[in-house]
Each structure stands twice: as structure tokens, then as C-alpha cells.
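Next comes coords.csv, with CSV, C-alpha atoms.
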chain,number,residue,atom,x,y,z
N,1,MET,CA,-61.4,-7.8,8.6
N,2,THR,CA,-60.3,-5.4,11.3
N,3,PHE,CA,-59.5,-8.3,13.5
N,4,ARG,CA,-57.2,-9.8,10.8
N,5,VAL,CA,-55.3,-6.6,10.3
N,6,ALA,CA,-54.8,-6.2,14.0
N,7,ALA,CA,-53.6,-9.8,14.3
N,8,LEU,CA,-51.2,-9.3,11.5
N,9,ILE,CA,-49.8,-6.1,13.2
N,10,VAL,CA,-49.3,-8.0,16.4
N,11,VAL,CA,-47.5,-10.9,14.7
N,12,LEU,CA,-45.2,-8.5,12.8
N,13,THR,CA,-44.4,-6.5,15.9
N,14,ILE,CA,-43.5,-9.7,17.8
N,15,SER,CA,-41.3,-10.9,14.9
N,16,ALA,CA,-39.5,-7.6,14.8
N,17,ILE,CA,-38.8,-7.7,18.5
N,18,ALA,CA,-37.6,-11.3,18.2
N,19,LEU,CA,-35.2,-10.5,15.3
N,20,GLY,CA,-33.9,-7.5,17.1
N,21,THR,CA,-33.1,-9.6,20.1
N,22,LEU,CA,-31.4,-12.3,18.1
N,23,THR,CA,-29.2,-10.0,15.9
N,24,ALA,CA,-25.7,-9.7,17.5
N,25,SER,CA,-23.3,-7.0,16.4
N,26,ASN,CA,-19.5,-7.7,15.9
N,27,THR,CA,-16.8,-5.2,16.7
N,28,VAL,CA,-14.8,-4.6,13.6
N,29,PRO,CA,-11.7,-2.2,13.8
N,30,SER,CA,-11.1,0.2,11.0
N,31,SER,CA,-8.4,-0.9,8.6
N,32,SER,CA,-6.3,0.4,5.7
N,33,VAL,CA,-5.5,-1.3,2.4
N,34,GLY,CA,-4.0,0.6,-0.5
N,35,ARG,CA,-2.3,0.6,-3.8
N,36,GLN,CA,-0.5,3.7,-5.1
N,37,GLN,CA,1.3,4.3,-8.3
N,38,ALA,CA,3.7,7.0,-9.5
N,39,THR,CA,5.7,7.4,-12.7
N,40,ILE,CA,9.5,6.9,-12.4
N,41,ASN,CA,11.4,9.3,-14.6
N,42,ALA,CA,14.7,11.1,-14.6
N,43,SER,CA,13.4,13.8,-12.2
N,44,ALA,CA,12.3,11.1,-9.7
N,45,LEU,CA,15.8,9.5,-9.9
N,46,GLU,CA,17.8,12.7,-9.5
N,47,PRO,CA,20.2,12.4,-6.6
N,48,GLN,CA,20.0,14.8,-3.7
N,49,ALA,CA,23.5,16.1,-4.5
N,50,CYS,CA,22.2,17.5,-7.8
N,51,ILE,CA,18.9,18.7,-6.3
N,52,THR,CA,21.0,20.6,-3.7
N,53,GLN,CA,22.9,22.4,-6.5
N,54,GLY,CA,19.6,23.5,-8.0
N,55,ILE,CA,19.5,21.3,-11.0
N,56,VAL,CA,16.0,20.8,-12.3
N,57,ILE,CA,15.9,17.9,-14.8
N,58,THR,CA,13.9,18.7,-17.9
N,59,ASN,CA,14.7,15.6,-20.1
N,60,GLN,CA,12.7,12.8,-18.4
N,61,THR,CA,14.6,10.1,-20.2
N,62,VAL,CA,17.6,8.9,-18.3
N,63,VAL,CA,20.8,9.0,-20.4
N,64,THR,CA,23.2,6.1,-19.9
N,65,ASN,CA,26.9,6.6,-20.6
N,66,GLY,CA,26.5,9.0,-23.4
N,67,ASN,CA,25.5,12.4,-24.6
N,68,GLY,CA,22.8,14.5,-23.1
N,69,THR,CA,20.4,16.8,-24.9
N,70,THR,CA,20.2,20.5,-25.0
N,71,GLY,CA,17.9,20.3,-21.9
N,72,ASN,CA,18.8,19.4,-18.4
N,73,ASP,CA,19.7,15.7,-18.3
N,74,LEU,CA,20.4,13.0,-15.8
N,75,ILE,CA,23.4,11.0,-17.2
N,76,LEU,CA,24.4,7.8,-15.5
N,77,ALA,CA,27.7,5.9,-16.0
N,78,ASN,CA,27.9,2.2,-15.9
N,79,GLN,CA,30.3,0.2,-13.7
N,80,THR,CA,33.2,0.2,-16.2
N,81,GLY,CA,33.3,3.9,-16.7
N,82,GLY,CA,32.8,6.0,-19.8
N,83,THR,CA,32.3,9.4,-21.3
N,84,LEU,CA,29.5,11.5,-20.0
N,85,ASN,CA,28.8,14.5,-22.1
N,86,GLY,CA,26.2,17.0,-20.8
N,87,ASN,CA,25.9,19.0,-24.0
N,88,GLY,CA,23.6,22.0,-23.3
N,89,GLY,CA,21.6,22.7,-20.2
N,90,GLN,CA,22.4,22.1,-16.6
N,91,ASP,CA,23.1,18.5,-16.3
N,92,CYS,CA,23.5,16.0,-13.4
N,93,MET,CA,26.2,13.4,-14.3
N,94,ILE,CA,26.8,10.5,-12.1
N,95,GLY,CA,29.9,8.4,-12.4
N,96,GLY,CA,30.5,4.9,-11.2
N,97,ALA,CA,33.5,2.8,-10.0
N,98,GLY,CA,35.3,3.0,-13.3
N,99,VAL,CA,37.2,5.9,-14.8
N,100,ASP,CA,34.7,8.4,-16.0
N,101,SER,CA,35.3,11.4,-18.3
N,102,PHE,CA,33.0,14.2,-17.7
N,103,SER,CA,32.3,16.9,-20.3
N,104,GLY,CA,29.9,19.7,-19.6
N,105,ASN,CA,29.3,23.4,-20.2
N,106,GLY,CA,31.7,24.4,-17.5
N,107,LYS,CA,32.0,24.5,-13.8
N,108,PHE,CA,30.0,27.7,-13.5
N,109,ALA,CA,27.5,26.8,-16.2
N,110,GLY,CA,25.6,24.7,-13.8
N,111,ASP,CA,26.7,21.1,-14.6
N,112,VAL,CA,27.2,18.8,-11.7
N,113,CYS,CA,29.4,15.7,-11.7
N,114,ILE,CA,29.6,13.1,-9.0
N,115,GLY,CA,32.6,10.8,-9.3
N,116,ASN,CA,31.7,7.8,-7.1
N,117,GLY,CA,35.2,6.3,-7.2
N,118,GLY,CA,37.7,5.8,-10.0
N,119,THR,CA,40.2,8.3,-11.3
N,120,ASP,CA,37.7,10.4,-13.1
N,121,VAL,CA,38.6,13.1,-15.6
N,122,ASN,CA,37.1,16.5,-15.2
N,123,SER,CA,39.4,18.4,-17.6
N,124,ALA,CA,39.2,22.1,-17.7
N,125,ASN,CA,36.6,22.0,-14.9
N,126,LYS,CA,33.8,21.1,-17.3
N,127,CYS,CA,31.5,20.6,-14.3
N,128,GLN,CA,31.3,21.2,-10.6
N,129,PHE,CA,32.8,18.0,-9.3
N,130,PHE,CA,31.9,16.1,-6.2
N,131,THR,CA,33.6,12.8,-5.2
N,132,GLN,CA,30.3,11.4,-3.9
G,1,MET,CA,-79.6,-29.5,41.2
G,2,THR,CA,-79.3,-29.9,37.5
G,3,PHE,CA,-76.4,-31.5,35.5
G,4,ASP,CA,-75.3,-29.3,32.7
G,5,ILE,CA,-73.9,-31.7,30.1
G,6,ARG,CA,-72.5,-28.8,28.0
G,7,ARG,CA,-70.5,-27.4,31.0
G,8,PHE,CA,-69.3,-30.9,31.9
G,9,ARG,CA,-68.0,-31.4,28.4
G,10,TYR,CA,-66.2,-28.1,28.5
G,11,VAL,CA,-64.6,-28.7,31.8
G,12,ALA,CA,-63.6,-32.2,30.7
G,13,ALA,CA,-61.9,-30.8,27.6
G,14,VAL,CA,-60.0,-28.3,29.6
G,15,ILE,CA,-58.8,-31.0,32.0
G,16,ALA,CA,-57.8,-33.3,29.1
G,17,ALA,CA,-55.8,-30.5,27.5
G,18,VAL,CA,-54.0,-29.7,30.8
G,19,CYS,CA,-53.2,-33.4,31.3
G,20,CYS,CA,-51.8,-33.7,27.7
G,21,ALA,CA,-49.7,-30.5,28.2
G,22,ALA,CA,-48.3,-31.8,31.5
G,23,GLY,CA,-47.6,-35.2,29.9
G,24,ILE,CA,-45.8,-33.7,26.9
G,25,TYR,CA,-43.8,-31.5,29.3
G,26,ALA,CA,-42.9,-34.5,31.5
G,27,PHE,CA,-41.7,-36.5,28.5
G,28,THR,CA,-39.7,-33.7,26.8
G,29,ALA,CA,-36.0,-34.4,27.2
G,30,SER,CA,-33.5,-31.5,27.3
G,31,ASN,CA,-30.5,-31.2,25.0
G,32,THR,CA,-27.2,-29.8,25.9
G,33,VAL,CA,-26.4,-26.9,23.6
G,34,PRO,CA,-23.1,-25.1,23.8
G,35,ALA,CA,-22.9,-21.3,23.7
G,36,SER,CA,-22.1,-20.0,20.3
G,37,GLN,CA,-21.3,-16.7,18.6
G,38,ALA,CA,-22.7,-15.1,15.5
G,39,GLY,CA,-23.1,-11.6,14.4
G,40,SER,CA,-22.4,-9.0,11.9
G,41,GLY,CA,-20.4,-5.8,11.9
G,42,SER,CA,-18.7,-3.3,9.6
G,43,ASN,CA,-16.1,-0.5,9.6
G,44,ALA,CA,-14.3,1.6,7.1
G,45,ILE,CA,-11.4,0.5,4.9
G,46,SER,CA,-9.3,3.4,3.8
G,47,GLY,CA,-6.3,3.7,1.5
G,48,TYR,CA,-2.8,5.1,1.9
G,49,THR,CA,-1.1,8.2,0.6
G,50,VAL,CA,2.6,7.8,-0.4
G,51,THR,CA,4.8,10.8,-0.1
G,52,ALA,CA,8.6,11.7,0.0
G,53,VAL,CA,9.6,9.1,-2.5
G,54,ALA,CA,13.4,8.8,-3.0
G,55,TYR,CA,15.5,6.4,-4.9
G,56,THR,CA,19.0,5.3,-4.0
G,57,LEU,CA,21.3,4.6,-7.0
G,58,ASN,CA,24.2,2.3,-6.6
G,59,SER,CA,27.5,4.2,-6.2
G,60,THR,CA,29.6,1.6,-8.1
G,61,THR,CA,27.1,1.1,-10.9
G,62,PRO,CA,24.7,4.1,-11.0
G,63,THR,CA,22.4,2.3,-13.4
G,64,ASN,CA,21.5,0.0,-10.6
G,65,MET,CA,18.8,1.0,-8.2
G,66,ASP,CA,19.5,-0.2,-4.7
G,67,ALA,CA,16.5,1.1,-2.8
G,68,VAL,CA,13.4,3.1,-2.8
G,69,SER,CA,12.0,4.9,0.3
G,70,PHE,CA,8.8,6.7,1.0
G,71,THR,CA,6.5,7.8,3.7
G,72,LEU,CA,2.9,6.5,4.3
G,73,ASN,CA,0.3,8.7,5.9
G,74,THR,CA,-0.7,6.1,8.4
G,75,ALA,CA,0.6,2.9,10.0
G,76,ALA,CA,1.0,-0.2,7.9
G,77,GLY,CA,1.8,-3.8,8.7
G,78,THR,CA,2.9,-5.1,5.3
G,79,VAL,CA,4.3,-3.0,2.5
G,80,LYS,CA,5.7,-4.1,-0.9
G,81,ALA,CA,6.9,-2.1,-3.8
G,82,GLN,CA,7.5,-2.6,-7.5
G,83,VAL,CA,9.6,-0.3,-9.7
G,84,ALA,CA,8.9,-1.7,-13.1
G,85,THR,CA,5.6,-2.6,-14.6
G,86,GLY,CA,5.2,-6.4,-14.3
G,87,GLY,CA,8.5,-6.6,-12.4
G,88,THR,CA,9.7,-8.0,-9.1
G,89,TRP,CA,7.9,-7.1,-5.9
G,90,TYR,CA,10.3,-6.0,-3.1
G,91,ASP,CA,9.5,-6.3,0.6
G,92,CYS,CA,9.8,-3.0,2.5
G,93,THR,CA,10.7,-2.4,6.1
G,94,ASN,CA,10.3,0.5,8.5
G,95,GLY,CA,12.6,-0.6,11.3
G,96,GLY,CA,9.6,-1.3,13.6
G,97,SER,CA,8.5,2.3,14.1
G,98,GLY,CA,7.1,5.2,12.2
G,99,ASN,CA,5.6,5.4,8.7
G,100,ASN,CA,8.9,5.7,6.8
G,101,TRP,CA,9.5,2.7,4.7
G,102,THR,CA,12.5,1.5,2.7
G,103,CYS,CA,12.4,-1.3,0.1
G,104,ASP,CA,15.7,-3.1,-0.7
G,105,THR,CA,15.6,-3.5,-4.4
G,106,THR,CA,18.8,-5.6,-4.5
G,107,VAL,CA,17.1,-8.7,-3.0
G,108,GLY,CA,16.3,-11.3,-5.6
G,109,THR,CA,16.4,-9.5,-8.9
G,110,GLN,CA,18.6,-6.4,-8.8
G,111,ALA,CA,16.5,-3.4,-9.9
G,112,THR,CA,18.0,-1.3,-12.7
G,113,VAL,CA,17.1,2.2,-13.9
G,114,ALA,CA,16.4,1.3,-17.5
G,115,PRO,CA,13.2,-0.6,-17.1
G,116,ALA,CA,12.0,1.4,-14.1
G,117,ASP,CA,8.9,3.1,-15.3
G,118,GLN,CA,6.4,3.1,-12.5
G,119,LEU,CA,6.5,2.8,-8.7
G,120,THR,CA,3.7,0.8,-7.3
G,121,VAL,CA,3.2,0.5,-3.6
G,122,VAL,CA,0.8,-1.9,-1.9
G,123,ALA,CA,0.2,-1.7,1.8
G,124,THR,CA,-2.1,-3.2,4.4
G,125,SER,CA,-2.6,-2.4,8.0

For the file at hand, write its structure as C-alpha cells.
Amino acid sequence: MTFRVAALIVVLTISAIALGTLTASNTVPSSSVGRQQATINASALEPQACITQGIVITNQTVVTNGNGTTGNDLILANQTGGTLNGNGGQDCMIGGAGVDSFSGNGKFAGDVCIGNGGTDVNSANKCQFFTQ
Amino acid sequence: MTFDIRRFRYVAAVIAAVCCAAGIYAFTASNTVPASQAGSGSNAISGYTVTAVAYTLNSTTPTNMDAVSFTLNTAAGTVKAQVATGGTWYDCTNGGSGNNWTCDTTVGTQATVAPADQLTVVATS
């Protein structure tokens, strides 16, 4: 019995040594793979020109060519031009190539308008106007 | 002098065994086996962190989105971005250096603001 156990130990030891000798290791460099997601809302789309003027968008739904809410809105014109009305809040209104009419709370009430071309109308200084 | 038959048989068996072994060795042909490689290894696969995301709206038509740019925390080889769930994937470039990437969202299907709901960035090293 003792002899059989000893023989088994010897066989196992030899097998382990043999496997260790035959197992090769590969060199594998570290790598990176990733997928990241983030919500796109009005705050994310706010142009730098409005950020610089301190406007913090609170209505996260982008308004297209129309009336804003009582909060701080991002209002975008289309190519043909239109009327952008900020209503309340401090709004960021972005014009396009067409003739845009801006209507806000007033130049010093915090609204910012960016013309982007066209003969835009900022009557009575309804907003702080930038050409681009 | 006595003749030990048992010792004789033992010696004869040993001689026979040696002769058989030598014969087998002599008749054993050798094969040509090319060198080969096999092995196993492992290393870490890490993800990316996206920061400094910025969107460029078209100046003529502000409801169009012309580009999205961002910074990855480490080098990448291939980067693509999607700005609407289930929408077009746009290729991104970094000008050959740095971890700042820009994706032209005018290529193929022009991206627009209305359906843009989620930025998805995939990257591989």
C-alpha cells in the first residue's frame, strides 16, 4: 500500500514537471475598449457664446423657431428665419441665415441673441446681440 | 565448475532484451517536425472616460448639428459616435495626435438637433 502511494506521488510529480515545461506563455499587451453614453439636452447643446454670457439653461427641451418658457431656454431658428421669443428667463436665442426677429426681456435682462447672418431684427434691444 | 541454469536464463533474457531494444532503435525512422508556437496569456481590457463634450451647431441652419467633439482619457485607434438612439454612426478623427476627437456629423446623414437624445461613443485602442 505504501509503495503504491509513493509510486502515485512520483508519477504526479513527474506529470506536473512535464506540464510546466510544456506550457508556454504569450505576451499580451493591455488594451482598451469602451462604450460611453450621455444624454443630449438643451444644456449640452448651448453654444459657448451663451455660456460665456452666464446663461444657464433650465428648460432642457430645445425650442425651435418659437416661444420659450418662463425658464431659461435654448431657442434655435431654422434656415429661413423666424420669430424667436424668449418670454421669461434668461434665454439663448440662435438665429440662422434668414431674417430672424428676436424678442426677449431686454438687453440687460440677460437674454442673448446670436444672428448668424441675415438682416436680423433686434428691435428695442430686446436682447444682447452678437453677430456670431 | 557448476552450470547454473537459472542464472543462464536470466542472462539470456537480459541479452535478448538488449538486442530487441537495439533493433527497435535501429529501425526507428525519424520524422521532420517543424517548430511551432502555442501558448496562452492574458492582460487587462479597460474602458474609456469621455469628457469635454461639445456640439457644433450649423450657423446657417442652427437646427443642424455639424460636429461633436470630446476628449478620451487615453489613446484610441478607432472612435465612432452616435447622437440619436438607433441613428447614424459617425467616424471620428483626432488629427493623428492627442486624445481630443471630433466627429463630423454631416457625413452621410446630416445630424439634426430634434432627434438628438443621447450621445454614444465607442472606442477601441

Within-7 Å shell of (34.4, 3.7, -12.0) in input frame, all atoms listed in the file, as a list in words: Gln79, Thr80, Gly81, Gly95, Gly96, Ala97, Gly98, Val99, Asp100, Asn116, Gly117 and Gly118 of chain N; Thr60 of chain G

Chain N contacts on chain G, only C-alpha atoms, 8 Å, as number ranges by chain: G: 38-50, 53-57, 59-63, 76, 83, 114, 116-125

Top pick for closest residue to Gln110 in chain G, considering G:Ala13, G:Met65, G:Val18, G:Cys92 and counting all atoms listed in the file: G:Met65

Best match for closeness to Gly96 in chain G among G:Thr78, G:Asn73, G:Asn58, G:Thr28, counting only C-alpha atoms: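 Of G:Thr78, G:Asn73, G:Asn58, G:Thr28, the one nearest Gly96 in chain G, counting only C-alpha atoms, is G:Thr78.
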
Among listed residues G:Ala35, G:Thr102, G:Val79, G:Tyr10, nearest Ala67 in chain G (using all atoms listed in the file):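 Comparing G:Ala35, G:Thr102, G:Val79, G:Tyr10 against Ala67 in chain G, the winner is G:Thr102.
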
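Across the model, the gap from CA of Val113 in chain G to CA of Asp66 in chain G is 9.8 Å.
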
Contact residues around Gly89 in chain N with all atoms listed in the file at 9 Å, ignoring same-chain residues under 3 positions, as a PyMOL selection string: chain N and resi 58+68-73+86+104-105+109-111

Selection export as an mmCIF file, keeping the file's coordinate frame, atoms kept: C-alpha atoms:
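Heads up, here's the output in selection.cif:
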data_model
loop_
_atom_site.group_PDB
_atom_site.id
_atom_site.type_symbol
_atom_site.label_atom_id
_atom_site.label_comp_id
_atom_site.auth_asym_id
_atom_site.auth_seq_id
_atom_site.Cartn_x
_atom_site.Cartn_y
_atom_site.Cartn_z
ATOM 1 C CA THR N 58 13.900 18.700 -17.900
ATOM 2 C CA GLY N 68 22.800 14.500 -23.100
ATOM 3 C CA THR N 69 20.400 16.800 -24.900
ATOM 4 C CA THR N 70 20.200 20.500 -25.000
ATOM 5 C CA GLY N 71 17.900 20.300 -21.900
ATOM 6 C CA ASN N 72 18.800 19.400 -18.400
ATOM 7 C CA ASP N 73 19.700 15.700 -18.300
ATOM 8 C CA GLY N 86 26.200 17.000 -20.800
ATOM 9 C CA GLY N 104 29.900 19.700 -19.600
ATOM 10 C CA ASN N 105 29.300 23.400 -20.200
ATOM 11 C CA ALA N 109 27.500 26.800 -16.200
ATOM 12 C CA GLY N 110 25.600 24.700 -13.800
ATOM 13 C CA ASP N 111 26.700 21.100 -14.600
#

Atomic separation - CA of Gly77 in chain G relative to CA of Gly98 in chain G, Å: 11.0 Å

Length of the CA of Gly66 in chain N to CA of Cys103 in chain G vector [Å]: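 Separation between CA of Gly66 in chain N and CA of Cys103 in chain G: 29.3 Å.
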
Residue among G:Pro115, G:Thr51, G:Ile15, G:Asp91 lying closest to Leu72 in chain G, counting only C-alpha atoms: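 Checking each candidate against Leu72 in chain G, we get G:Thr51 as the closest.
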